[in-house]
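S.K.: Structure file final_17.pdb (PDB, C-alpha atoms) is given on the next line.
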MODEL        1
ATOM      1  CA  MET A   1     -23.278  12.420   5.861
ATOM      2  CA  THR A   2     -20.978   9.981   4.087
ATOM      3  CA  ILE A   3     -18.042  12.378   4.195
ATOM      4  CA  THR A   4     -18.616  13.118   7.887
ATOM      5  CA  ALA A   5     -18.704   9.429   8.742
ATOM      6  CA  ALA A   6     -15.656   8.570   6.674
ATOM      7  CA  ALA A   7     -13.440  11.343   8.044
ATOM      8  CA  PRO A   8     -13.005   9.949  11.586
ATOM      9  CA  ARG A   9     -12.373   6.507  10.160
ATOM     10  CA  ALA A  10      -9.642   7.820   7.853
ATOM     11  CA  ALA A  11      -8.116   9.868  10.658
ATOM     12  CA  ALA A  12      -8.097   6.878  12.979
ATOM     13  CA  TYR A  13      -6.532   4.663  10.357
ATOM     14  CA  ARG A  14      -3.844   7.238   9.621
ATOM     15  CA  GLY A  15      -2.909   7.028  13.286
ATOM     16  CA  ARG A  16      -1.921   3.383  12.747
ATOM     17  CA  LEU A  17       0.588   4.375  10.057
ATOM     18  CA  ARG A  18       3.998   5.676  11.015
ATOM     19  CA  TRP A  19       6.226   7.458   8.534
ATOM     20  CA  TRP A  20       9.354   6.350  10.398
ATOM     21  CA  THR A  21       8.455   2.724   9.627
ATOM     22  CA  GLU A  22       7.011   3.262   6.150
ATOM     23  CA  LEU A  23       9.963   5.163   4.707
ATOM     24  CA  PRO A  24      12.610   2.579   5.682
ATOM     25  CA  LEU A  25      10.369  -0.223   4.397
ATOM     26  CA  ILE A  26       9.925   1.416   1.004
ATOM     27  CA  ALA A  27      13.621   2.304   0.892
ATOM     28  CA  VAL A  28      14.607  -1.322   1.534
ATOM     29  CA  VAL A  29      12.386  -2.626  -1.270
ATOM     30  CA  TYR A  30      13.655   0.014  -3.676
ATOM     31  CA  ALA A  31      17.244  -0.796  -2.703
ATOM     32  CA  LEU A  32      16.558  -4.462  -3.412
ATOM     33  CA  TYR A  33      15.092  -3.506  -6.776
ATOM     34  CA  SER A  34      18.078  -1.394  -7.743
ATOM     35  CA  GLY A  35      20.673  -3.678  -6.171
ATOM     36  CA  ALA A  36      19.331  -6.861  -7.740
ATOM     37  CA  ARG A  37      19.233  -5.260 -11.176
ATOM     38  CA  LEU A  38      22.836  -4.255 -10.652
ATOM     39  CA  LEU A  39      24.208  -7.470  -9.184
ATOM     40  CA  VAL A  40      22.329 -10.028 -11.260
ATOM     41  CA  ARG A  41      23.765  -9.210 -14.630
ATOM     42  CA  GLY A  42      23.727 -12.730 -15.986
ATOM     43  CA  ASP A  43      25.582 -13.908 -19.055
ATOM     44  CA  VAL A  44      25.534 -11.380 -21.888
ATOM     45  CA  ASP A  45      25.270 -14.037 -24.597
ATOM     46  CA  ASP A  46      22.297 -15.625 -22.866
ATOM     47  CA  ALA A  47      20.649 -12.238 -22.405
ATOM     48  CA  VAL A  48      21.053 -11.375 -26.085
ATOM     49  CA  GLN A  49      19.706 -14.779 -27.081
ATOM     50  CA  HIS A  50      16.675 -14.340 -24.837
ATOM     51  CA  GLY A  51      15.970 -10.975 -26.430
ATOM     52  CA  ALA A  52      16.286 -12.370 -29.942
ATOM     53  CA  ASP A  53      13.974 -15.265 -29.049
ATOM     54  CA  ILE A  54      11.331 -12.881 -27.716
ATOM     55  CA  LEU A  55      11.506 -10.757 -30.866
ATOM     56  CA  HIS A  56      11.324 -13.850 -33.092
ATOM     57  CA  PHE A  57       8.227 -15.091 -31.262
ATOM     58  CA  GLU A  58       6.563 -11.706 -31.632
ATOM     59  CA  GLN A  59       7.303 -11.672 -35.365
ATOM     60  CA  LEU A  60       5.787 -15.128 -35.764
ATOM     61  CA  THR A  61       2.608 -13.962 -34.020
ATOM     62  CA  HIS A  62       2.642 -10.540 -35.780
ATOM     63  CA  LEU A  63       2.774  -8.782 -32.409
ATOM     64  CA  ASP A  64       5.956  -6.757 -32.856
ATOM     65  CA  PRO A  65       5.143  -3.020 -32.762
ATOM     66  CA  GLU A  66       8.556  -2.160 -31.258
ATOM     67  CA  ARG A  67      10.246  -1.467 -34.579
ATOM     68  CA  TRP A  68       7.459   0.819 -35.801
ATOM     69  CA  PHE A  69       7.494   2.891 -32.588
ATOM     70  CA  ASN A  70      11.291   3.002 -32.683
ATOM     71  CA  ARG A  71      11.361   4.370 -36.230
ATOM     72  CA  LEU A  72       8.731   6.953 -35.277
ATOM     73  CA  PHE A  73      10.775   8.222 -32.338
ATOM     74  CA  THR A  74      14.108   8.216 -34.144
ATOM     75  CA  HIS A  75      12.752  10.089 -37.172
ATOM     76  CA  HIS A  76      10.852  12.731 -35.173
ATOM     77  CA  ALA A  77      12.759  14.445 -32.394
ATOM     78  CA  PHE A  78       9.628  16.180 -31.098
ATOM     79  CA  LEU A  79       8.416  12.701 -30.140
ATOM     80  CA  GLY A  80      11.718  11.046 -29.313
ATOM     81  CA  VAL A  81      13.089  13.676 -26.919
ATOM     82  CA  PRO A  82       9.994  13.855 -24.654
ATOM     83  CA  ALA A  83       9.863  10.050 -24.713
ATOM     84  CA  ASP A  84      13.458   9.874 -23.491
ATOM     85  CA  PHE A  85      12.753  12.357 -20.720
ATOM     86  CA  MET A  86       9.711  10.361 -19.683
ATOM     87  CA  TYR A  87      11.617   7.074 -19.653
ATOM     88  CA  ALA A  88      14.500   8.540 -17.653
ATOM     89  CA  SER A  89      12.475  10.309 -14.960
ATOM     90  CA  MET A  90       8.751   9.617 -14.627
ATOM     91  CA  HIS A  91       9.281   6.069 -13.378
ATOM     92  CA  TYR A  92      11.123   7.467 -10.339
ATOM     93  CA  ILE A  93       8.896  10.507  -9.718
ATOM     94  CA  VAL A  94       5.285   9.542 -10.321
ATOM     95  CA  THR A  95       5.298   6.320  -8.296
ATOM     96  CA  PRO A  96       6.640   7.869  -5.052
ATOM     97  CA  ALA A  97       4.347  10.885  -5.546
ATOM     98  CA  ILE A  98       1.278   8.647  -5.711
ATOM     99  CA  LEU A  99       2.418   6.763  -2.611
ATOM    100  CA  VAL A 100       2.589  10.077  -0.736
ATOM    101  CA  TRP A 101      -0.805  11.100  -2.137
ATOM    102  CA  LEU A 102      -2.378   7.853  -0.927
ATOM    103  CA  TRP A 103      -0.744   8.321   2.483
ATOM    104  CA  LEU A 104      -2.214  11.804   2.862
ATOM    105  CA  ARG A 105      -5.572  11.511   1.104
ATOM    106  CA  ARG A 106      -6.484   7.818   1.077
ATOM    107  CA  PRO A 107      -4.948   6.360   4.254
ATOM    108  CA  THR A 108      -7.467   3.510   4.446
ATOM    109  CA  HIS A 109      -6.257   2.249   1.054
ATOM    110  CA  TYR A 110      -2.579   3.067   1.381
ATOM    111  CA  ARG A 111      -1.445  -0.092   3.170
ATOM    112  CA  GLN A 112      -2.871  -2.531   0.652
ATOM    113  CA  ALA A 113      -1.699  -0.423  -2.308
ATOM    114  CA  ARG A 114       1.820  -0.233  -0.888
ATOM    115  CA  THR A 115       1.906  -3.968  -0.229
ATOM    116  CA  TRP A 116       0.696  -4.671  -3.768
ATOM    117  CA  LEU A 117       3.469  -2.528  -5.254
ATOM    118  CA  MET A 118       6.190  -4.076  -3.083
ATOM    119  CA  ILE A 119       5.222  -7.692  -3.733
ATOM    120  CA  SER A 120       5.045  -7.029  -7.476
ATOM    121  CA  THR A 121       8.490  -5.439  -7.401
ATOM    122  CA  LEU A 122       9.964  -8.449  -5.636
ATOM    123  CA  ILE A 123       8.365 -10.736  -8.237
ATOM    124  CA  GLY A 124       9.978  -8.621 -10.937
ATOM    125  CA  LEU A 125      13.352  -9.186  -9.316
ATOM    126  CA  VAL A 126      12.796 -12.924  -9.703
ATOM    127  CA  GLY A 127      12.288 -12.356 -13.416
ATOM    128  CA  PHE A 128      15.492 -10.317 -13.706
ATOM    129  CA  THR A 129      17.357 -13.091 -11.913
ATOM    130  CA  THR A 130      16.022 -16.110 -13.762
ATOM    131  CA  MET A 131      15.807 -14.621 -17.245
ATOM    132  CA  PRO A 132      18.333 -11.875 -18.050
ATOM    133  CA  THR A 133      17.167 -10.265 -21.290
ATOM    134  CA  ALA A 134      18.818  -7.770 -23.599
ATOM    135  CA  PRO A 135      16.532  -4.925 -24.706
ATOM    136  CA  PRO A 136      15.978  -4.312 -28.438
ATOM    137  CA  ARG A 137      18.585  -1.528 -28.545
ATOM    138  CA  LEU A 138      21.324  -4.002 -27.486
ATOM    139  CA  LEU A 139      20.515  -6.616 -30.114
ATOM    140  CA  PRO A 140      22.906  -6.944 -33.082
ATOM    141  CA  GLY A 141      22.526  -4.242 -35.707
ATOM    142  CA  ALA A 142      20.803  -6.551 -38.159
ATOM    143  CA  HIS A 143      17.604  -6.280 -36.147
ATOM    144  CA  GLY A 144      17.365  -2.609 -37.066
ATOM    145  CA  PHE A 145      16.761  -0.911 -33.692
ATOM    146  CA  MET A 146      18.236   2.456 -32.736
ATOM    147  CA  ASP A 147      18.969   3.621 -29.202
ATOM    148  CA  THR A 148      17.026   6.888 -28.921
ATOM    149  CA  MET A 149      18.577   7.581 -25.513
ATOM    150  CA  ALA A 150      21.978   7.702 -27.197
ATOM    151  CA  GLN A 151      20.623   9.566 -30.221
ATOM    152  CA  TYR A 152      19.132  12.381 -28.130
ATOM    153  CA  GLY A 153      21.648  12.194 -25.276
ATOM    154  CA  SER A 154      22.673  15.810 -25.754
ATOM    155  CA  TYR A 155      19.201  16.925 -24.666
ATOM    156  CA  GLY A 156      19.322  15.321 -21.238
ATOM    157  CA  TRP A 157      21.471  13.825 -18.515
ATOM    158  CA  TRP A 158      21.486  10.276 -19.825
ATOM    159  CA  GLY A 159      24.076   8.650 -22.032
ATOM    160  CA  THR A 160      24.265   5.301 -23.758
ATOM    161  CA  ASP A 161      23.370   3.237 -20.663
ATOM    162  CA  ALA A 162      19.580   3.451 -20.678
ATOM    163  CA  SER A 163      18.341   6.051 -18.172
ATOM    164  CA  ALA A 164      21.512   6.126 -16.062
ATOM    165  CA  PRO A 165      23.245   9.528 -15.936
ATOM    166  CA  ARG A 166      26.433   9.868 -17.944
ATOM    167  CA  GLY A 167      29.364   8.185 -16.284
ATOM    168  CA  LEU A 168      27.146   6.061 -14.010
ATOM    169  CA  GLY A 169      26.312   3.294 -16.425
ATOM    170  CA  HIS A 170      28.072   0.771 -14.204
ATOM    171  CA  LEU A 171      25.355   1.360 -11.598
ATOM    172  CA  THR A 172      22.612  -0.179 -13.711
ATOM    173  CA  ASN A 173      21.907  -3.555 -15.265
ATOM    174  CA  GLU A 174      21.017  -3.136 -18.899
ATOM    175  CA  TYR A 175      20.021  -6.789 -19.248
ATOM    176  CA  ALA A 176      16.976  -6.604 -16.973
ATOM    177  CA  ALA A 177      14.297  -6.080 -19.590
ATOM    178  CA  MET A 178      11.944  -8.920 -18.584
ATOM    179  CA  PRO A 179       9.508  -8.012 -17.067
ATOM    180  CA  SER A 180       9.094  -4.281 -17.636
ATOM    181  CA  LEU A 181       8.550  -2.694 -14.241
ATOM    182  CA  HIS A 182       8.331   0.650 -16.021
ATOM    183  CA  VAL A 183       5.038  -0.634 -17.403
ATOM    184  CA  GLY A 184       4.117  -2.472 -14.210
ATOM    185  CA  TRP A 185       4.616   0.518 -11.939
ATOM    186  CA  SER A 186       2.828   2.833 -14.366
ATOM    187  CA  LEU A 187      -0.138   0.437 -14.406
ATOM    188  CA  TRP A 188      -0.241   0.543 -10.608
ATOM    189  CA  CYS A 189      -0.135   4.354 -10.710
ATOM    190  CA  GLY A 190      -2.891   4.464 -13.320
ATOM    191  CA  ILE A 191      -5.171   2.219 -11.278
ATOM    192  CA  MET A 192      -4.628   4.305  -8.157
ATOM    193  CA  LEU A 193      -5.456   7.515 -10.027
ATOM    194  CA  PHE A 194      -8.489   6.054 -11.755
ATOM    195  CA  ARG A 195      -9.904   4.391  -8.651
ATOM    196  CA  TYR A 196      -9.287   7.077  -6.063
ATOM    197  CA  GLY A 197      -9.244  10.240  -8.161
ATOM    198  CA  ARG A 198     -12.172  12.565  -7.520
ATOM    199  CA  ASN A 199     -12.472  14.216 -10.917
ATOM    200  CA  THR A 200     -12.516  13.163 -14.553
ATOM    201  CA  PHE A 201      -9.158  14.741 -15.385
ATOM    202  CA  VAL A 202      -7.306  12.662 -12.805
ATOM    203  CA  ARG A 203      -9.020   9.502 -14.001
ATOM    204  CA  VAL A 204      -8.138  10.237 -17.612
ATOM    205  CA  LEU A 205      -4.513  10.623 -16.535
ATOM    206  CA  GLY A 206      -4.826   7.252 -14.853
ATOM    207  CA  VAL A 207      -5.744   5.688 -18.193
ATOM    208  CA  LEU A 208      -3.235   7.571 -20.338
ATOM    209  CA  TYR A 209      -0.178   7.182 -18.125
ATOM    210  CA  PRO A 210       0.315   3.375 -18.429
ATOM    211  CA  LEU A 211      -0.597   3.397 -22.135
ATOM    212  CA  THR A 212       1.907   6.166 -22.851
ATOM    213  CA  THR A 213       4.579   4.412 -20.796
ATOM    214  CA  ALA A 214       4.104   1.208 -22.796
ATOM    215  CA  MET A 215       4.622   3.103 -26.070
ATOM    216  CA  VAL A 216       7.639   4.938 -24.665
ATOM    217  CA  VAL A 217       9.482   1.830 -23.477
ATOM    218  CA  MET A 218       9.029   0.213 -26.889
ATOM    219  CA  GLY A 219       9.740   3.350 -28.928
ATOM    220  CA  THR A 220      13.001   4.006 -27.067
ATOM    221  CA  ALA A 221      14.003   0.362 -27.766
ATOM    222  CA  ASN A 222      14.254  -0.466 -24.078
ATOM    223  CA  HIS A 223      11.561  -3.159 -23.950
ATOM    224  CA  TYR A 224       9.602  -5.593 -26.082
ATOM    225  CA  LEU A 225       5.851  -5.901 -26.170
ATOM    226  CA  LEU A 226       6.150  -9.156 -24.229
ATOM    227  CA  ASP A 227       8.154  -7.305 -21.568
ATOM    228  CA  ALA A 228       5.237  -4.917 -21.173
ATOM    229  CA  ALA A 229       2.777  -7.826 -21.011
ATOM    230  CA  ALA A 230       4.955  -9.529 -18.404
ATOM    231  CA  GLY A 231       4.970  -6.307 -16.375
ATOM    232  CA  VAL A 232       1.159  -6.295 -16.410
ATOM    233  CA  ALA A 233       1.070  -9.981 -15.390
ATOM    234  CA  THR A 234       3.529  -9.293 -12.575
ATOM    235  CA  MET A 235       1.250  -6.615 -11.165
ATOM    236  CA  GLY A 236      -1.691  -9.001 -11.443
ATOM    237  CA  VAL A 237       0.070 -11.658  -9.372
ATOM    238  CA  GLY A 238       1.150  -9.043  -6.854
ATOM    239  CA  PHE A 239      -2.450  -7.869  -6.523
ATOM    240  CA  LEU A 240      -3.659 -11.411  -5.812
ATOM    241  CA  LEU A 241      -0.990 -11.923  -3.156
ATOM    242  CA  ALA A 242      -1.352  -8.560  -1.389
ATOM    243  CA  ARG A 243      -4.408  -9.344   0.738
ATOM    244  CA  PRO A 244      -3.262 -12.821   1.848
ATOM    245  CA  ALA A 245       0.114 -11.329   2.761
ATOM    246  CA  LEU A 246      -1.547  -8.649   4.883
ATOM    247  CA  ARG A 247      -3.773 -11.220   6.603
ATOM    248  CA  VAL A 248      -0.745 -13.298   7.540
ATOM    249  CA  LEU A 249       1.080 -10.204   8.775
ATOM    250  CA  ASP A 250      -1.899  -9.052  10.835
ATOM    251  CA  HIS A 251      -2.250 -12.530  12.334
ATOM    252  CA  TYR A 252       1.323 -12.571  13.606
ATOM    253  CA  GLN A 253       1.115  -8.984  14.788
ATOM    254  CA  ALA A 254      -2.004  -9.821  16.784
ATOM    255  CA  LYS A 255      -0.190 -12.734  18.420
ATOM    256  CA  LEU A 256       2.858 -10.651  19.269
ATOM    257  CA  ARG A 257       0.995  -7.585  20.496
ATOM    258  CA  PRO A 258      -0.201  -8.967  23.897
ATOM    259  CA  THR A 259       3.263 -10.353  24.629
ATOM    260  CA  ALA A 260       4.908  -7.047  23.762
ATOM    261  CA  ALA A 261       2.399  -5.121  25.897
ATOM    262  CA  ALA A 262       2.963  -7.394  28.884
ATOM    263  CA  THR A 263       6.743  -7.101  28.544
ATOM    264  CA  ALA A 264       6.552  -3.313  28.331
ATOM    265  CA  ALA A 265       4.350  -3.135  31.403
ATOM    266  CA  ALA A 266       6.696  -5.349  33.391
ATOM    267  CA  GLU A 267       9.741  -3.300  32.404
ATOM    268  CA  ALA A 268       8.101   0.071  33.075
ATOM    269  CA  PRO A 269       9.755   2.139  35.837
ATOM    270  CA  GLY A 270       7.981   1.851  39.186
ATOM    271  CA  ALA A 271       6.006  -1.181  38.134
ATOM    272  CA  THR A 272       5.074  -3.281  41.180
ATOM    273  CA  ALA A 273       3.492  -6.651  41.567
ATOM    274  CA  PRO A 274      -0.243  -6.553  42.230
ATOM    275  CA  ALA A 275      -1.158  -6.629  45.948
ATOM    276  CA  LYS A 276      -2.460  -9.908  47.298
ATOM    277  CA  VAL A 277      -6.054  -9.798  48.434
ATOM    278  CA  PRO A 278      -6.607 -11.908  51.612
ATOM    279  CA  ALA A 279      -9.076 -14.705  51.217
ATOM    280  CA  PRO A 280     -12.330 -14.257  53.197
ATOM    281  CA  ARG A 281     -12.499 -16.261  56.473
ATOM    282  CA  PRO A 282     -15.329 -18.729  56.806
ATOM    283  CA  ALA A 283     -18.137 -17.632  59.068
ATOM    284  CA  SER A 284     -18.130 -19.045  62.630
ATOM    285  CA  SER A 285     -20.738 -21.645  63.476
ATOM    286  CA  SER A 286     -21.772 -19.587  66.489
ATOM    287  CA  ALA A 287     -22.451 -16.467  64.464
ATOM    288  CA  ALA A 288     -26.026 -15.412  64.301
ATOM    289  CA  SER A 289     -27.778 -15.963  61.064
ATOM    290  CA  PRO A 290     -29.190 -12.968  59.296
ATOM    291  CA  GLY A 291     -32.575 -11.915  60.582
ATOM    292  CA  THR A 292     -32.094 -13.463  64.072
ATOM    293  CA  PRO A 293     -32.886 -10.914  66.842
ATOM    294  CA  PRO A 294     -30.089 -10.276  69.337
ATOM    295  CA  LYS A 295     -30.225 -12.173  72.622
ATOM    296  CA  ALA A 296     -31.285 -10.123  75.653
ATOM    297  CA  ALA A 297     -28.644  -9.451  78.293
ATOM    298  CA  GLY A 298     -28.825 -11.747  81.326
ATOM    299  CA  SER A 299     -31.100 -14.304  79.661
ATOM    300  CA  PRO A 300     -30.021 -17.841  80.392
ATOM    301  CA  ALA A 301     -28.978 -19.913  77.527
ATOM    302  CA  PRO A 302     -31.602 -22.425  76.535
ATOM    303  CA  GLY A 303     -30.811 -25.910  77.669
ATOM    304  CA  PRO A 304     -30.805 -28.887  75.531
ATOM    305  CA  ASP A 305     -34.094 -30.356  74.435
ATOM    306  CA  PRO A 306     -34.085 -33.769  76.034
ATOM    307  CA  ASP A 307     -36.594 -35.412  73.767
ATOM    308  CA  GLY A 308     -35.674 -33.467  70.625
ATOM    309  CA  THR A 309     -39.269 -32.440  70.028
ATOM    310  CA  GLY A 310     -38.680 -28.739  70.565
ATOM    311  CA  THR A 311     -41.590 -28.564  73.087
ATOM    312  CA  GLN A 312     -39.636 -28.124  76.312
ATOM    313  CA  GLY A 313     -40.740 -24.520  76.727
ATOM    314  CA  GLN A 314     -44.393 -25.414  76.171
ATOM    315  CA  ASP A 315     -44.336 -28.180  78.882
ATOM    316  CA  ALA A 316     -42.767 -25.861  81.426
ATOM    317  CA  HIS A 317     -45.454 -23.276  80.836
ATOM    318  CA  SER A 318     -48.233 -25.819  81.315
ATOM    319  CA  ARG A 319     -46.729 -27.036  84.592
ATOM    320  CA  ALA A 320     -46.645 -23.522  85.910
TER     321      ALA A 320
ENDMDL
END
Now that the file is in, can you turn its structure into C-alpha cells?

M.R.:
Amino acid sequence: MTITAAAPRAAAYRGRLRWWTELPLIAVVYALYSGARLLVRGDVDDAVQHGADILHFEQLTHLDPERWFNRLFTHHAFLGVPADFMYASMHYIVTPAILVWLWLRRPTHYRQARTWLMISTLIGLVGFTTMPTAPPRLLPGAHGFMDTMAQYGSYGWWGTDASAPRGLGHLTNEYAAMPSLHVGWSLWCGIMLFRYGRNTFVRVLGVLYPLTTAMVVMGTANHYLLDAAAGVATMGVGFLLARPALRVLDHYQAKLRPTAAATAAAEAPGATAPAKVPAPRPASSSAASPGTPPKAAGSPAPGPDPDGTGTQGQDAHSRA
C-alpha cells in the first residue's frame, strides 16, 4: 500500500521538474566552479605559505596522515595508479550520475539534494577565492611529498597539472586546495546512496566512497587532512542553507505565479474582456406582491378609505 500511495506523488512531483531548466542551472554552477578555480589563482607565494602553515598545524596536533598515504601510493603502483585514476575521473562522473539517478528514481528528494550540492559548491568557491592554498605536492621538496599524478602519468591522460589532461594545465587552478570539494562532493554522493539506496550493497558503497576519496586526495598529495575536513564542513553549511533557500525561492515563485498567469491570459490570442452583466432593475411599486391573486377583469379599483380604518367595504354591506 505504501508503494502504491507513493507512486502518484512521485509522478506528480516529477511533473514539476523540467530538464530544460535543470540542465542549464547545473551547467551554470559547474561553470562557475571551474571558472572561479581558473580565474582566482591568487599569489603563488601566499598559496605556498598557506599550505605550509596548514601542514605545520597538523604536525603540531599529530594529525598529518598525508605523508604516510603519499609514501604508500608512491612505493606501490598497484595502489597509486588506481588512486590517480579515481582522482582524475570519479569526481566528474559519480556526482552527475547520482543527480540523474535522483531525478529518475527519487524525484521528491531531487530538488533539495541538488540545491544542497549547488550551495555547497558556491561556498567552496569563496574558500578558493579568499584562501588560495598550494597542495602538498607543490610545497618545496624539503617537505618530502611526491606527485603521484606525475609519477604514474604514463598510465593515464593526466600530466603534472593535477587531473588536467596533458597540455591543458593552464585550464585549471592548482592552488585551490582549500576546501577539498573532491571530498565534499563524495560525501554528498555517499549520503545520497546511503539514504536512498534500497539494498545493502548500495549503502555500503555510500559509506566507502567518501572514505576512499579522502585517502586518495591525501595519498596523491593533492590535499591536506584539513582540506578534507573543510570540505565536510562546507557540505554541512550547504545542508543547513538548502531548505531556507528553497523556502525563499518558493515564496517569490508563489508571488510571481498569479501575475504571470494573468499576463499570459491577457496576451492569449482571441482573449476578450468579460461581458458586462446588466444590473437588475428595482421592482415597480405597482407590481403585485407574491401570493396576491390577480385582479378580475372589469372590477373597479377600490377607492380610498376615507377614515383609514379599512372598514369601508363592511359599512357598505351593512347599508345594503

S.K.: Skip region 47-58 of chain A itself and residues of its chain fewer than 2 positions away, then list as a PyMOL selection string all residues within 7 Å of it, counting only C-alpha atoms.

M.R.: chain A and resi 43-45+60-64+132-136+139+175

S.K.: Can you list, as an mmCIF file with C-alpha atoms, keeping the file's coordinate frame, the residues that the PyMOL selection byres ((chain A and resi 128) around 8) selects here?

M.R.:
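As written to disk, part.cif reads:
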data_model
loop_
_atom_site.group_PDB
_atom_site.id
_atom_site.type_symbol
_atom_site.label_atom_id
_atom_site.label_comp_id
_atom_site.auth_asym_id
_atom_site.auth_seq_id
_atom_site.Cartn_x
_atom_site.Cartn_y
_atom_site.Cartn_z
ATOM 1 C CA ALA A 36 19.331 -6.861 -7.740
ATOM 2 C CA ARG A 37 19.233 -5.260 -11.176
ATOM 3 C CA VAL A 40 22.329 -10.028 -11.260
ATOM 4 C CA GLY A 124 9.978 -8.621 -10.937
ATOM 5 C CA LEU A 125 13.352 -9.186 -9.316
ATOM 6 C CA VAL A 126 12.796 -12.924 -9.703
ATOM 7 C CA GLY A 127 12.288 -12.356 -13.416
ATOM 8 C CA THR A 129 17.357 -13.091 -11.913
ATOM 9 C CA THR A 130 16.022 -16.110 -13.762
ATOM 10 C CA MET A 131 15.807 -14.621 -17.245
ATOM 11 C CA PRO A 132 18.333 -11.875 -18.050
ATOM 12 C CA THR A 133 17.167 -10.265 -21.290
ATOM 13 C CA TYR A 175 20.021 -6.789 -19.248
ATOM 14 C CA ALA A 176 16.976 -6.604 -16.973
ATOM 15 C CA ALA A 177 14.297 -6.080 -19.590
ATOM 16 C CA MET A 178 11.944 -8.920 -18.584
ATOM 17 C CA PRO A 179 9.508 -8.012 -17.067
#

S.K.: Quick check, in Å to one decimal: how far apart do CA of Ile123 (chain A) and CA of Thr234 (chain A) lie?

M.R.: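 Separation of CA of Ile123 (chain A) and CA of Thr234 (chain A): 6.7 Å.
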
S.K.: Using all atoms listed in the file, pick whichever of A:Val100, A:His109, A:Arg137, A:Thr95 has the shortest atom-to-atom distance to Tyr224 (chain A).

M.R.: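 Closest to Tyr224 (chain A) of all the choices is A:Arg137.
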
S.K.: Restricting the calculation to all atoms listed in the file: of A:Ser89, A:Gln253, A:Ser180, A:Asn70, which residue gets closest to Trp157 (chain A)?

M.R.: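 The closest residue to Trp157 (chain A) is A:Ser89.
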
S.K.: Given the file shown, enumerate the residues that the PyMOL selection byres ((chain A and resi 115) around 10) captures and present them as number ranges by chain.

M.R.: A: 26, 110-114, 116-121, 238-239, 241-243, 245-246

S.K.: Between CA of Arg195 (chain A) and CA of Ala228 (chain A), measure the distance and give it in Å to one decimal.

M.R.: 21.7 Å

S.K.: Grab the CA of Tyr30 (chain A) to CA of Glu174 (chain A) distance for me, in Å with one decimal place.

M.R.: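 So the two atoms, CA of Tyr30 (chain A) and CA of Glu174 (chain A), lie 17.2 Å apart.
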
S.K.: Quick one: of A:Leu79, A:Leu193, A:Ala27, A:Ala150, who's nearest to Trp101 (chain A), counting only C-alpha atoms?

M.R.: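 Among the listed residues, A:Leu193 lies closest to Trp101 (chain A).
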
S.K.: Just checking: using all atoms listed in the file, which residue out of A:His182, A:His143, A:Arg247, A:Arg105 ends up closest to Arg198 (chain A)?

M.R.: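 Result for the nearest residue to Arg198 (chain A): A:Arg105.
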
S.K.: Would you kindly translate the PyMOL selection byres ((chain A and resi 98) around 12) into the concrete residues it picks from this file, as number ranges by chain?

M.R.: A: 90-97, 99-107, 109-110, 113-114, 117, 185-186, 188-194, 196-197, 202, 206

S.K.: Quick one: of A:Tyr152, A:Tyr252, A:Tyr209, A:Phe201, who's nearest to Pro82 (chain A), counting all atoms listed in the file?

M.R.: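 Of A:Tyr152, A:Tyr252, A:Tyr209, A:Phe201, the one nearest Pro82 (chain A), counting all atoms listed in the file, is A:Tyr152.
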
S.K.: Could you give me, as a ChimeraX atom specification, the residues within 7 Å of Asp84 (chain A), counting all atoms listed in the file and dropping anything in the same chain fewer than 3 positions from it?

M.R.: /A:80-81,87-88,149,220
